[in-house]
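**Student:** My questions all concern the structure below.
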Amino acid sequence: MTDVLGVLDPRRLLRPAPAPEPGRAGRRRLSDRFLDLGIYVALIVLVVYFSQASPYFLTQRNLLNVGAAVAVTGVLAAGMTIALIAGQLDLTVGANIALTSVIVSLAIESLGWSTPAAVLLGLAVGVGIGLANSVLVVGVGINSIIATLAMGIVLRGVALISTGGQTKPLTDLALPDALQLRPLGVPTTVWILVAVFVVSWVMLTFTPVGWHIYGVGGNPSAALRAGIRTKWLYAGVFVTTGVLAAVGGIITTGTSSSGGPNYANGAEFDVLTAVLLGGIGLAGGSGRIQRTLAGVLVIGVLNNGLTLLSVSSYYQQLARGAVFVLAVVLGAIGERRRAR
């Protein structure tokens with residue numbers, strides 16, 4: 001597979017890592033390897049610490065609770081990873097969750113739709129939001145940060161107007177009941193999280209579409225000259241983030257048994273923390289979806305462990321801020337490494 005486009009050849013994953021070079025180059029390679037594995041080391045350290053600090057942490061029930069707690073953040077982070085690898089950013093994900101939850105709940109309660117039909121409507125909302133973002137970014141040419149930030153404000157406003165600023169509870173509990181099922185003893189939301197990451201990993205690693213996403217993110221002009229239809233690819237990326245955010249909205253509707261215009265306020269904070277912790281660069285063209293999953297789990301383990309230890313919410317907020325700062329620092333270091 002060509003290197004001109006920065007495309008990832010999955011066959012490289014099967015090759016043994018080269019031996020460290022002597023001198024300064026060798027030290028750089030070792031430091032790069034340490035940074036690559038740092039997120040996994042951090043996850044292991046947190047698990048070991050909290051397992052020693054609380055007898056309840058390593059129980060099966062608690063670990064499944066960790067997975068269920070990060071399901072929405074993880075689904076959003078998978079979409080954000082794909083967008084960042086392509087060199088784009090979608091900041092509508094939180095507002096998307098709010099609007100999707102409102103529309104699904106209104107469809108069930110006010111319009112009398114069946115739960116499957118309302119879920120399909122919610123997914124269609126995600127597609128529509130993704131297409132609207134792609135029109136602004138690809139069609140009009142607005143920077144993705146500005147375009148999606150503005151669109152997020154619009155979506156949140158629509159959600160507020162639709163409900164008068166009030167939460168819309170569900171009396172039909174078919175959706176909550178479905179999400180409370182535990183196939184093979186594992187919560188449905190965890191299965192959704194696993195499915196999203198597996199599909200994303202396969203797509204990015206083993207398909208031409210995934211290789212093109214890396215190529216467009218690494219060098220858009222070279223990708224265009226190579227015949228890649230970059231505009232269609234960007235549109236597909238925004239539709240993907242929109243649909244995955246809608247999935248997060250459907251999960252939120254089911255787990256809270258309601259739709260709310262203020263749901264997922266600041267969700268972008270946790271998502272970007274997980275993605276940056278995973279070493280996904282803001283410049284595009286690099287990153288691994290499995291590292292994002294590790295970043296998501298670090299956030300989940302940290303929140304769960306601090307709660308088990310009855311740490312004050314003020315200190316938990318401080319810890320979250322510190323982790324975000326660490327994620328930004330690691331992101332900056334990663335950008336410098338890739339620029340060498």
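Just so we're on the same page: first chain in the structure tokens is A, next is B, and so on; residues restart at 1 for each chain, and ligands are numbered from 1 in the order they show up.
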When DSSP is applied to the backbone of this structure, which of stretch 129-325 of chain A are assigned alpha helix (DSSP H)? Write them out as a ChimeraX atom specification.
**Tutor:** /A:129-134,144-163,174-179,188-206,208-218,220-225,230-256,267-277,289-308,313-325
**Student:** Write to file, as a compact mmCIF listing (two decimals), in the first residue's frame, the residues of the selection just made, with C-alpha atoms.
**Tutor:**
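Output contents, as saved in selection26.txt:
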```txt
# COMPACT_ATOMS: atom_id res chain seq x y z
CA ILE A 129 -27.38 16.28 11.08
CA GLY A 130 -24.36 14.65 9.45
CA LEU A 131 -25.51 15.78 6.01
CA ALA A 132 -26.11 19.33 7.27
CA ASN A 133 -22.59 19.43 8.73
CA SER A 134 -21.12 18.13 5.49
CA SER A 144 -15.36 22.13 10.73
CA ILE A 145 -14.81 23.50 14.24
CA ILE A 146 -16.76 26.69 13.53
CA ALA A 147 -19.45 24.98 11.44
CA THR A 148 -20.22 22.21 13.91
CA LEU A 149 -20.02 24.54 16.92
CA ALA A 150 -22.65 26.79 15.34
CA MET A 151 -24.76 23.83 14.26
CA GLY A 152 -24.64 22.46 17.80
CA ILE A 153 -26.14 25.68 19.14
CA VAL A 154 -28.92 25.47 16.53
CA LEU A 155 -29.68 21.83 17.39
CA ARG A 156 -29.80 22.56 21.10
CA GLY A 157 -32.18 25.44 20.41
CA VAL A 158 -34.47 23.21 18.36
CA ALA A 159 -34.54 20.68 21.20
CA LEU A 160 -35.41 23.40 23.73
CA ILE A 161 -38.20 24.82 21.55
CA SER A 162 -39.65 21.35 20.88
CA THR A 163 -40.12 20.63 24.58
CA ALA A 174 -40.21 -0.75 25.65
CA LEU A 175 -36.94 1.06 24.89
CA PRO A 176 -35.72 1.16 28.53
CA ASP A 177 -36.65 -2.50 28.94
CA ALA A 178 -34.71 -3.43 25.79
CA LEU A 179 -31.59 -1.65 27.01
CA THR A 188 -27.07 -4.31 26.03
CA THR A 189 -25.31 -0.94 26.09
CA VAL A 190 -21.95 -2.66 26.51
CA TRP A 191 -22.69 -4.90 23.53
CA ILE A 192 -23.51 -1.78 21.49
CA LEU A 193 -20.20 -0.21 22.56
CA VAL A 194 -18.24 -3.33 21.62
CA ALA A 195 -20.01 -3.62 18.26
CA VAL A 196 -19.28 0.02 17.37
CA PHE A 197 -15.57 -0.32 18.14
CA VAL A 198 -15.21 -3.66 16.36
CA VAL A 199 -16.88 -2.35 13.20
CA SER A 200 -14.83 0.87 13.35
CA TRP A 201 -11.58 -1.07 13.83
CA VAL A 202 -12.30 -3.39 10.91
CA MET A 203 -13.29 -0.48 8.67
CA LEU A 204 -10.23 1.65 9.48
CA THR A 205 -7.73 -1.21 9.41
CA PHE A 206 -8.82 -3.60 6.68
CA PRO A 208 -10.09 0.73 1.33
CA VAL A 209 -12.48 3.26 2.88
CA GLY A 210 -10.47 3.21 6.08
CA TRP A 211 -7.18 3.56 4.23
CA HIS A 212 -8.61 6.49 2.29
CA ILE A 213 -9.67 8.15 5.54
CA TYR A 214 -6.07 7.96 6.75
CA GLY A 215 -4.85 9.19 3.38
CA VAL A 216 -7.19 12.19 3.21
CA GLY A 217 -6.36 13.16 6.78
CA GLY A 218 -2.63 12.87 6.20
CA PRO A 220 -5.69 15.88 1.30
CA SER A 221 -4.12 17.29 -1.88
CA ALA A 222 -2.18 14.09 -2.57
CA ALA A 223 -5.31 12.04 -1.90
CA LEU A 224 -7.24 14.16 -4.38
CA ARG A 225 -4.54 13.75 -7.02
CA THR A 230 -12.38 13.60 -0.84
CA LYS A 231 -15.64 15.55 -0.63
CA TRP A 232 -17.73 12.38 -0.62
CA LEU A 233 -15.39 10.89 1.97
CA TYR A 234 -15.74 13.92 4.25
CA ALA A 235 -19.53 13.75 3.85
CA GLY A 236 -19.45 10.08 4.83
CA VAL A 237 -17.36 10.88 7.89
CA PHE A 238 -19.84 13.51 9.11
CA VAL A 239 -22.77 11.17 8.50
CA THR A 240 -20.94 8.52 10.53
CA THR A 241 -20.39 10.87 13.49
CA GLY A 242 -24.00 12.02 13.22
CA VAL A 243 -25.38 8.47 13.26
CA LEU A 244 -23.14 7.38 16.14
CA ALA A 245 -24.19 10.46 18.14
CA ALA A 246 -27.81 9.55 17.41
CA VAL A 247 -27.07 6.04 18.75
CA GLY A 248 -25.79 7.76 21.89
CA GLY A 249 -29.03 9.75 22.04
CA ILE A 250 -31.13 6.60 21.74
CA ILE A 251 -29.12 4.95 24.53
CA THR A 252 -29.57 8.07 26.67
CA THR A 253 -33.32 8.06 26.04
CA GLY A 254 -33.59 4.43 27.07
CA THR A 255 -31.37 4.57 30.15
CA SER A 256 -33.03 7.74 31.47
CA ALA A 267 -20.30 15.69 26.34
CA GLU A 268 -17.65 16.91 23.92
CA PHE A 269 -15.32 17.42 26.90
CA ASP A 270 -15.25 13.73 27.88
CA VAL A 271 -15.12 12.62 24.25
CA LEU A 272 -12.14 14.80 23.38
CA THR A 273 -10.41 13.76 26.62
CA ALA A 274 -10.74 10.09 25.67
CA VAL A 275 -9.64 10.67 22.09
CA LEU A 276 -6.63 12.81 23.01
CA LEU A 277 -5.62 10.37 25.73
CA ILE A 289 -9.28 3.22 17.33
CA GLN A 290 -8.19 0.71 19.99
CA ARG A 291 -6.21 3.44 21.74
CA THR A 292 -9.37 5.53 21.89
CA LEU A 293 -11.14 2.63 23.59
CA ALA A 294 -8.33 2.55 26.15
CA GLY A 295 -8.81 6.28 26.72
CA VAL A 296 -12.54 5.77 27.23
CA LEU A 297 -11.86 3.02 29.77
CA VAL A 298 -9.36 5.20 31.63
CA ILE A 299 -12.06 7.84 32.11
CA GLY A 300 -14.61 5.22 33.16
CA VAL A 301 -12.27 3.49 35.62
CA LEU A 302 -11.19 6.81 37.13
CA ASN A 303 -14.77 8.05 37.64
CA ASN A 304 -15.92 4.71 39.01
CA GLY A 305 -12.94 4.30 41.33
CA LEU A 306 -13.23 7.79 42.79
CA THR A 307 -16.94 7.23 43.40
CA LEU A 308 -16.28 3.91 45.16
CA SER A 313 -17.40 15.62 43.66
CA TYR A 314 -15.20 18.73 43.83
CA TYR A 315 -12.06 16.62 43.75
CA GLN A 316 -13.55 14.43 41.05
CA GLN A 317 -14.04 17.56 38.95
CA LEU A 318 -10.42 18.49 39.64
CA ALA A 319 -9.28 15.01 38.58
CA ARG A 320 -11.26 15.22 35.34
CA GLY A 321 -9.72 18.58 34.56
CA ALA A 322 -6.23 17.25 35.28
CA VAL A 323 -6.81 14.28 32.99
CA PHE A 324 -7.97 16.62 30.23
CA VAL A 325 -4.85 18.76 30.64
```
**Student:** Do you have the atom CA of A:Val125-atom CA of A:Val104 distance handy?
**Tutor:** 9.6 Å
**Student:** Residues near stretch 105-119 of chain A, anyone? I mean within 8 Å using only C-alpha atoms, not counting same-chain ones fewer than 3 positions away, as a ChimeraX atom specification.
**Tutor:** /A:101-102,122-123,168-172,174-175,250,253,258-259
**Student:** How would the residues just chosen look if you wrote them out with N, CA, C and O atoms as a PDB file, in the first residue's frame?
**Tutor:**
```
ATOM      1  N   SER A 101     -32.781  12.433  21.545  1.00  0.00           N
ATOM      2  CA  SER A 101     -33.567  11.945  22.677  1.00  0.00           C
ATOM      3  C   SER A 101     -34.941  12.601  22.714  1.00  0.00           C
ATOM      4  O   SER A 101     -35.957  11.941  23.003  1.00  0.00           O
ATOM      5  N   VAL A 102     -34.993  13.884  22.399  1.00  0.00           N
ATOM      6  CA  VAL A 102     -36.272  14.605  22.388  1.00  0.00           C
ATOM      7  C   VAL A 102     -37.183  14.073  21.285  1.00  0.00           C
ATOM      8  O   VAL A 102     -38.373  13.807  21.508  1.00  0.00           O
ATOM      9  N   GLY A 122     -34.863   8.360  15.042  1.00  0.00           N
ATOM     10  CA  GLY A 122     -33.700   8.931  15.708  1.00  0.00           C
ATOM     11  C   GLY A 122     -32.434   8.769  14.887  1.00  0.00           C
ATOM     12  O   GLY A 122     -31.628   9.704  14.773  1.00  0.00           O
ATOM     13  N   LEU A 123     -32.257   7.591  14.277  1.00  0.00           N
ATOM     14  CA  LEU A 123     -31.100   7.370  13.417  1.00  0.00           C
ATOM     15  C   LEU A 123     -31.156   8.274  12.188  1.00  0.00           C
ATOM     16  O   LEU A 123     -30.125   8.779  11.726  1.00  0.00           O
ATOM     17  N   LYS A 168     -38.977  15.286  28.621  1.00  0.00           N
ATOM     18  CA  LYS A 168     -40.149  14.543  28.147  1.00  0.00           C
ATOM     19  C   LYS A 168     -40.031  13.093  28.601  1.00  0.00           C
ATOM     20  O   LYS A 168     -39.287  12.288  28.033  1.00  0.00           O
ATOM     21  N   PRO A 169     -40.764  12.699  29.654  1.00  0.00           N
ATOM     22  CA  PRO A 169     -40.643  11.314  30.158  1.00  0.00           C
ATOM     23  C   PRO A 169     -41.342  10.310  29.259  1.00  0.00           C
ATOM     24  O   PRO A 169     -42.283  10.631  28.527  1.00  0.00           O
ATOM     25  N   LEU A 170     -40.867   9.072  29.319  1.00  0.00           N
ATOM     26  CA  LEU A 170     -41.476   7.965  28.578  1.00  0.00           C
ATOM     27  C   LEU A 170     -42.401   7.178  29.500  1.00  0.00           C
ATOM     28  O   LEU A 170     -42.004   6.786  30.593  1.00  0.00           O
ATOM     29  N   THR A 171     -43.632   6.967  29.037  1.00  0.00           N
ATOM     30  CA  THR A 171     -44.522   6.064  29.757  1.00  0.00           C
ATOM     31  C   THR A 171     -44.499   4.676  29.119  1.00  0.00           C
ATOM     32  O   THR A 171     -44.774   3.677  29.788  1.00  0.00           O
ATOM     33  N   ASP A 172     -44.185   4.640  27.817  1.00  0.00           N
ATOM     34  CA  ASP A 172     -43.967   3.367  27.133  1.00  0.00           C
ATOM     35  C   ASP A 172     -42.521   2.963  27.381  1.00  0.00           C
ATOM     36  O   ASP A 172     -41.588   3.595  26.895  1.00  0.00           O
ATOM     37  N   ALA A 174     -40.773   0.295  26.510  1.00  0.00           N
ATOM     38  CA  ALA A 174     -40.207  -0.747  25.652  1.00  0.00           C
ATOM     39  C   ALA A 174     -38.725  -0.508  25.400  1.00  0.00           C
ATOM     40  O   ALA A 174     -37.918  -1.454  25.432  1.00  0.00           O
ATOM     41  N   LEU A 175     -38.358   0.755  25.147  1.00  0.00           N
ATOM     42  CA  LEU A 175     -36.942   1.063  24.893  1.00  0.00           C
ATOM     43  C   LEU A 175     -36.093   0.880  26.149  1.00  0.00           C
ATOM     44  O   LEU A 175     -35.041   0.213  26.087  1.00  0.00           O
ATOM     45  N   ILE A 250     -30.154   7.675  21.519  1.00  0.00           N
ATOM     46  CA  ILE A 250     -31.130   6.603  21.742  1.00  0.00           C
ATOM     47  C   ILE A 250     -30.816   5.865  23.043  1.00  0.00           C
ATOM     48  O   ILE A 250     -31.705   5.538  23.828  1.00  0.00           O
ATOM     49  N   THR A 253     -31.865   8.077  25.878  1.00  0.00           N
ATOM     50  CA  THR A 253     -33.321   8.062  26.036  1.00  0.00           C
ATOM     51  C   THR A 253     -33.766   6.815  26.795  1.00  0.00           C
ATOM     52  O   THR A 253     -34.612   6.888  27.697  1.00  0.00           O
ATOM     53  N   SER A 258     -36.437   8.968  29.243  1.00  0.00           N
ATOM     54  CA  SER A 258     -36.930  10.300  28.911  1.00  0.00           C
ATOM     55  C   SER A 258     -36.051  10.921  27.835  1.00  0.00           C
ATOM     56  O   SER A 258     -34.961  10.427  27.536  1.00  0.00           O
ATOM     57  N   GLY A 259     -36.554  12.007  27.266  1.00  0.00           N
ATOM     58  CA  GLY A 259     -35.757  12.823  26.362  1.00  0.00           C
ATOM     59  C   GLY A 259     -35.645  14.214  26.936  1.00  0.00           C
ATOM     60  O   GLY A 259     -36.609  14.739  27.493  1.00  0.00           O
TER      61      GLY A 259
END
```
**Student:** I'd like the contact shell of A:Arg288 - 8 Å cut-off, only C-alpha atoms, skipping same-chain residues fewer than 4 positions apart - returned as a list of chain:residue names.
**Tutor:**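 These residues fall inside the cut-off: A:Gly278, A:Gly279, A:Ile280, A:Thr292.
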**Student:** As a PDB file with N, CA, C and O atoms, in the first residue's frame, please: all residues of stretch 87-327 of chain A that backbone DSSP puts in strand (DSSP E).
**Tutor:**
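Printed below is out10.pdb as written:
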```
ATOM      1  N   LYS A 168     -38.977  15.286  28.621  1.00  0.00           N
ATOM      2  CA  LYS A 168     -40.149  14.543  28.147  1.00  0.00           C
ATOM      3  C   LYS A 168     -40.031  13.093  28.601  1.00  0.00           C
ATOM      4  O   LYS A 168     -39.287  12.288  28.033  1.00  0.00           O
ATOM      5  N   PRO A 169     -40.764  12.699  29.654  1.00  0.00           N
ATOM      6  CA  PRO A 169     -40.643  11.314  30.158  1.00  0.00           C
ATOM      7  C   PRO A 169     -41.342  10.310  29.259  1.00  0.00           C
ATOM      8  O   PRO A 169     -42.283  10.631  28.527  1.00  0.00           O
ATOM      9  N   SER A 258     -36.437   8.968  29.243  1.00  0.00           N
ATOM     10  CA  SER A 258     -36.930  10.300  28.911  1.00  0.00           C
ATOM     11  C   SER A 258     -36.051  10.921  27.835  1.00  0.00           C
ATOM     12  O   SER A 258     -34.961  10.427  27.536  1.00  0.00           O
ATOM     13  N   GLY A 259     -36.554  12.007  27.266  1.00  0.00           N
ATOM     14  CA  GLY A 259     -35.757  12.823  26.362  1.00  0.00           C
ATOM     15  C   GLY A 259     -35.645  14.214  26.936  1.00  0.00           C
ATOM     16  O   GLY A 259     -36.609  14.739  27.493  1.00  0.00           O
TER      17      GLY A 259
END
```
**Student:** Which is closer to A:Gly284 than all the others in A:Val135, A:Ala124, A:Ala83, A:Ala226, using only C-alpha atoms?
**Tutor:**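 Nearest to A:Gly284: A:Ala83.
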